[in-house]
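Report on the following structure.
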Amino acid sequence: MKISVIYGTDTGTTRTVAKTIARKLPKASLRHITDASREDFESSEFLILGSPTYCLGELPDDWTKALPLLSAVDMTAKRVALFGTGDQLNYPDSFVDAMGILYDAVTAHGADVTGPTEAIGYQFNKSEALRNGKFVGLALDLDNQANKTEARIESWIQQII
Ligand SMILES: Cc1cc2nc3c(=O)[nH]c(=O)nc-3n(C[C@H](O)[C@H](O)[C@H](O)COP(=O)(O)O)c2cc1C
């Protein structure tokens with residue numbers, strides 16, 4: 001199965017996480033979203049997409065620009081897993097919202113999203129990344145809970161493989 005880890009980042013945190021995730025998956029390829037082509041999406045059976053949240057609940061610009069590319073890809077035969085980085089202390093009303101935006105974008109095109117996680121161990125008020133009380137993917141907060149990141153990634157990887 002071809003696995004691609006594709007991420008956006010403004011200041012590098014999500015790149016670090018994406019690298020860690022890719023290292024744990026045999027033969028996964030790693031791409032920044034601005035370097036990802038339609039072929040990268042189409043040839044992958046399992047897409048792992050990651051994004052930080054900016055501007056009170058928005059995708060960063062690199063992901064926003066790539067949304068038309070996502071829309072052009074038939075996702076019906078694909079598995080997708082999502083991860084998001086955010087800051088629950090300073091942005092408690094839009095914590096990891098971008099992961100919810102990506103969820104809506106890929107499910108609108110038929111993707112089967114795997115890897116939901118419990119919203120336990122975080123402190124926030126609102127998140128667009130919640131569906132039925134769970135995060136749609138892996139929520140990470142390296143600004144405030146860096147020490148929980150490795151264990152969260154490890155247990156999520158076990159879940160999605
Ligand atoms: C101006 C600004 C706005 C932010 N807005 C949010 C937000 O709405 N929700 C959230 O969870 N985190 C927010 N964050 C935190 C970032 O998502 C977080 O620091 C993330 O780890 C950055 O990832 P990157 O280094 O890959 O860009 C914001 C950070 C900044 C500087």
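Following the order of the structure tokens, chains are lettered A, B, ..., residues in each are numbered from 1, and ligands are numbered from 1.
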For this session: Could you report the residues within 10 Å of ligand 1, using only C-alpha atoms and all ligand atoms, as number ranges by chain?
Result: A: 7-18, 50-60, 84-99, 124, 126-129, 139-144, 146
Problem set entry | All residues 12 Å or closer to Ile120 of chain A, only C-alpha atoms, same chain fewer than 6 positions away omitted, as a list in words | Leu130, Gly133, Lys134, Phe135, Leu138, Ala139, Leu140 and Arg152 of chain A
Which residues of segment 26-83 of chain A come within 9 Å of segment 100-119 of chain A, and what is each one's closest atom pair and distance in Å (one decimal), counting only C-alpha atoms, sorted by chain and residue number, as CSV?
residue,atom,partner,partner_atom,distance
A:Leu49,CA,A:Leu102,CA,8.1
A:Gly50,CA,A:Leu102,CA,8.6
A:Ser51,CA,A:Leu102,CA,8.4
A:Gly57,CA,A:Ile101,CA,8.9
A:Glu58,CA,A:Ile101,CA,7.9
A:Leu59,CA,A:Ile101,CA,7.4
A:Trp63,CA,A:Leu102,CA,8.9
A:Leu67,CA,A:Ala105,CA,7.5
A:Leu70,CA,A:Val106,CA,7.2
A:Ser71,CA,A:His109,CA,6.7
A:Ala72,CA,A:His109,CA,8.6
A:Val73,CA,A:His109,CA,7.6
A:Asp74,CA,A:His109,CA,6.3
A:Met75,CA,A:Ala111,CA,4.6
A:Thr76,CA,A:Gly110,CA,4.3
A:Ala77,CA,A:Ala111,CA,7.0
A:Lys78,CA,A:Ala111,CA,5.6
A:Arg79,CA,A:Asp112,CA,5.0
A:Val80,CA,A:Val113,CA,4.7
A:Ala81,CA,A:Thr114,CA,5.2
A:Leu82,CA,A:Gly115,CA,7.4
Grab the residues selected above and save them as a PDB file, in the first residue's frame with N, CA, C and O atoms.
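Just written: result_35.pdb:
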ATOM      1  N   LEU A  49      -2.681  13.366   6.259  1.00  0.00           N
ATOM      2  CA  LEU A  49      -2.615  14.814   6.000  1.00  0.00           C
ATOM      3  C   LEU A  49      -2.562  15.574   7.318  1.00  0.00           C
ATOM      4  O   LEU A  49      -3.349  15.316   8.234  1.00  0.00           O
ATOM      5  N   GLY A  50      -1.631  16.535   7.389  1.00  0.00           N
ATOM      6  CA  GLY A  50      -1.470  17.282   8.640  1.00  0.00           C
ATOM      7  C   GLY A  50      -1.430  18.775   8.423  1.00  0.00           C
ATOM      8  O   GLY A  50      -0.902  19.263   7.417  1.00  0.00           O
ATOM      9  N   SER A  51      -1.978  19.503   9.410  1.00  0.00           N
ATOM     10  CA  SER A  51      -1.983  20.971   9.293  1.00  0.00           C
ATOM     11  C   SER A  51      -2.012  21.629  10.664  1.00  0.00           C
ATOM     12  O   SER A  51      -2.688  21.148  11.573  1.00  0.00           O
ATOM     13  N   GLY A  57      -8.867  29.669  13.632  1.00  0.00           N
ATOM     14  CA  GLY A  57      -9.637  28.566  13.076  1.00  0.00           C
ATOM     15  C   GLY A  57      -9.508  28.351  11.588  1.00  0.00           C
ATOM     16  O   GLY A  57     -10.378  27.740  10.976  1.00  0.00           O
ATOM     17  N   GLU A  58      -8.397  28.797  10.998  1.00  0.00           N
ATOM     18  CA  GLU A  58      -8.227  28.655   9.548  1.00  0.00           C
ATOM     19  C   GLU A  58      -7.082  27.698   9.212  1.00  0.00           C
ATOM     20  O   GLU A  58      -6.180  27.483  10.014  1.00  0.00           O
ATOM     21  N   LEU A  59      -7.134  27.206   7.978  1.00  0.00           N
ATOM     22  CA  LEU A  59      -5.977  26.501   7.426  1.00  0.00           C
ATOM     23  C   LEU A  59      -4.868  27.511   7.175  1.00  0.00           C
ATOM     24  O   LEU A  59      -5.153  28.679   6.896  1.00  0.00           O
ATOM     25  N   TRP A  63      -2.114  25.244   2.666  1.00  0.00           N
ATOM     26  CA  TRP A  63      -3.208  24.266   2.515  1.00  0.00           C
ATOM     27  C   TRP A  63      -4.406  24.891   1.801  1.00  0.00           C
ATOM     28  O   TRP A  63      -5.067  24.235   0.978  1.00  0.00           O
ATOM     29  N   LEU A  67      -6.447  23.351  -1.718  1.00  0.00           N
ATOM     30  CA  LEU A  67      -7.783  22.737  -1.647  1.00  0.00           C
ATOM     31  C   LEU A  67      -8.362  22.394  -3.025  1.00  0.00           C
ATOM     32  O   LEU A  67      -8.971  21.330  -3.184  1.00  0.00           O
ATOM     33  N   LEU A  70      -7.061  19.048  -3.937  1.00  0.00           N
ATOM     34  CA  LEU A  70      -7.759  17.982  -3.209  1.00  0.00           C
ATOM     35  C   LEU A  70      -9.105  17.691  -3.851  1.00  0.00           C
ATOM     36  O   LEU A  70      -9.507  16.535  -3.997  1.00  0.00           O
ATOM     37  N   SER A  71      -9.799  18.762  -4.234  1.00  0.00           N
ATOM     38  CA  SER A  71     -11.142  18.592  -4.800  1.00  0.00           C
ATOM     39  C   SER A  71     -11.113  17.858  -6.128  1.00  0.00           C
ATOM     40  O   SER A  71     -12.096  17.248  -6.530  1.00  0.00           O
ATOM     41  N   ALA A  72      -9.966  17.947  -6.812  1.00  0.00           N
ATOM     42  CA  ALA A  72      -9.874  17.329  -8.137  1.00  0.00           C
ATOM     43  C   ALA A  72      -9.589  15.828  -8.054  1.00  0.00           C
ATOM     44  O   ALA A  72      -9.657  15.125  -9.054  1.00  0.00           O
ATOM     45  N   VAL A  73      -9.261  15.344  -6.854  1.00  0.00           N
ATOM     46  CA  VAL A  73      -8.862  13.941  -6.720  1.00  0.00           C
ATOM     47  C   VAL A  73     -10.058  13.101  -6.264  1.00  0.00           C
ATOM     48  O   VAL A  73     -10.790  13.496  -5.361  1.00  0.00           O
ATOM     49  N   ASP A  74     -10.229  11.961  -6.922  1.00  0.00           N
ATOM     50  CA  ASP A  74     -11.281  11.039  -6.508  1.00  0.00           C
ATOM     51  C   ASP A  74     -10.810  10.310  -5.249  1.00  0.00           C
ATOM     52  O   ASP A  74      -9.860   9.550  -5.283  1.00  0.00           O
ATOM     53  N   MET A  75     -11.474  10.563  -4.159  1.00  0.00           N
ATOM     54  CA  MET A  75     -11.021  10.013  -2.872  1.00  0.00           C
ATOM     55  C   MET A  75     -11.787   8.742  -2.500  1.00  0.00           C
ATOM     56  O   MET A  75     -11.559   8.186  -1.427  1.00  0.00           O
ATOM     57  N   THR A  76     -12.670   8.292  -3.355  1.00  0.00           N
ATOM     58  CA  THR A  76     -13.570   7.223  -2.914  1.00  0.00           C
ATOM     59  C   THR A  76     -12.850   5.921  -2.571  1.00  0.00           C
ATOM     60  O   THR A  76     -13.320   5.171  -1.737  1.00  0.00           O
ATOM     61  N   ALA A  77     -11.706   5.676  -3.197  1.00  0.00           N
ATOM     62  CA  ALA A  77     -11.011   4.429  -2.892  1.00  0.00           C
ATOM     63  C   ALA A  77      -9.877   4.652  -1.894  1.00  0.00           C
ATOM     64  O   ALA A  77      -9.021   3.799  -1.730  1.00  0.00           O
ATOM     65  N   LYS A  78      -9.871   5.800  -1.253  1.00  0.00           N
ATOM     66  CA  LYS A  78      -8.721   6.126  -0.401  1.00  0.00           C
ATOM     67  C   LYS A  78      -9.059   6.138   1.077  1.00  0.00           C
ATOM     68  O   LYS A  78     -10.144   6.519   1.464  1.00  0.00           O
ATOM     69  N   ARG A  79      -8.055   5.722   1.827  1.00  0.00           N
ATOM     70  CA  ARG A  79      -8.119   5.912   3.270  1.00  0.00           C
ATOM     71  C   ARG A  79      -7.349   7.171   3.577  1.00  0.00           C
ATOM     72  O   ARG A  79      -6.293   7.421   3.008  1.00  0.00           O
ATOM     73  N   VAL A  80      -7.866   7.937   4.500  1.00  0.00           N
ATOM     74  CA  VAL A  80      -7.205   9.177   4.904  1.00  0.00           C
ATOM     75  C   VAL A  80      -7.133   9.207   6.425  1.00  0.00           C
ATOM     76  O   VAL A  80      -8.093   8.812   7.111  1.00  0.00           O
ATOM     77  N   ALA A  81      -6.005   9.645   6.958  1.00  0.00           N
ATOM     78  CA  ALA A  81      -5.889   9.917   8.397  1.00  0.00           C
ATOM     79  C   ALA A  81      -5.385  11.352   8.543  1.00  0.00           C
ATOM     80  O   ALA A  81      -4.600  11.825   7.718  1.00  0.00           O
ATOM     81  N   LEU A  82      -5.867  12.028   9.568  1.00  0.00           N
ATOM     82  CA  LEU A  82      -5.578  13.458   9.727  1.00  0.00           C
ATOM     83  C   LEU A  82      -4.871  13.737  11.041  1.00  0.00           C
ATOM     84  O   LEU A  82      -5.190  13.114  12.065  1.00  0.00           O
TER      85      LEU A  82
END
For this session: Determine which residues of segment 55-135 of chain A DSSP labels as alpha helix (DSSP H) from the backbone of this structure, then write them out as a list in words.
Result: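 Filtering segment 55-135 of chain A to alpha helix (DSSP H) leaves Asp61, Asp62, Trp63, Thr64, Lys65, Ala66, Leu67, Pro68, Leu69, Leu70, Ser71, Ala72, Asp97, Ala98, Met99, Gly100, Ile101, Leu102, Tyr103, Asp104, Ala105, Val106 and Thr107 of chain A.
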Problem set entry | A:Ile21, A:Val136, A:Ala28, A:Leu47 ranked by distance to Glu154 of chain A, top pick (using only C-alpha atoms) |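 Counting only C-alpha atoms, the residue closest to Glu154 of chain A is A:Ile21.
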For this session: Figure out the distance between atom CA of Gly137 of chain A and atom CA of Ile33 of chain A, please, to one decimal in Å.
Result: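 Going from atom CA of Ile33 of chain A over to atom CA of Gly137 of chain A covers 18.2 Å.
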Problem set entry | Distance of atom CA of Ile48 of chain A from atom CA of Asp35 of chain A, expressed in Å to one decimal place |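 About the pair atom CA of Asp35 of chain A and atom CA of Ile48 of chain A: they are 15.1 Å apart.
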For this session: Kindly give the distance, in Å, that separates atom CA of Ala151 of chain A and atom CA of Gln123 of chain A, rounded to a single decimal.
Result: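 If I compute the distance from atom CA of Ala151 of chain A to atom CA of Gln123 of chain A, I get 17.9 Å.
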Problem set entry | Pick from A:Asn132, A:Gln158, A:Ser37, A:Thr64, whichever lies nearest to Lys24 of chain A using only C-alpha atoms |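 Looking at the shortest contact to Lys24 of chain A, the residue is A:Gln158.
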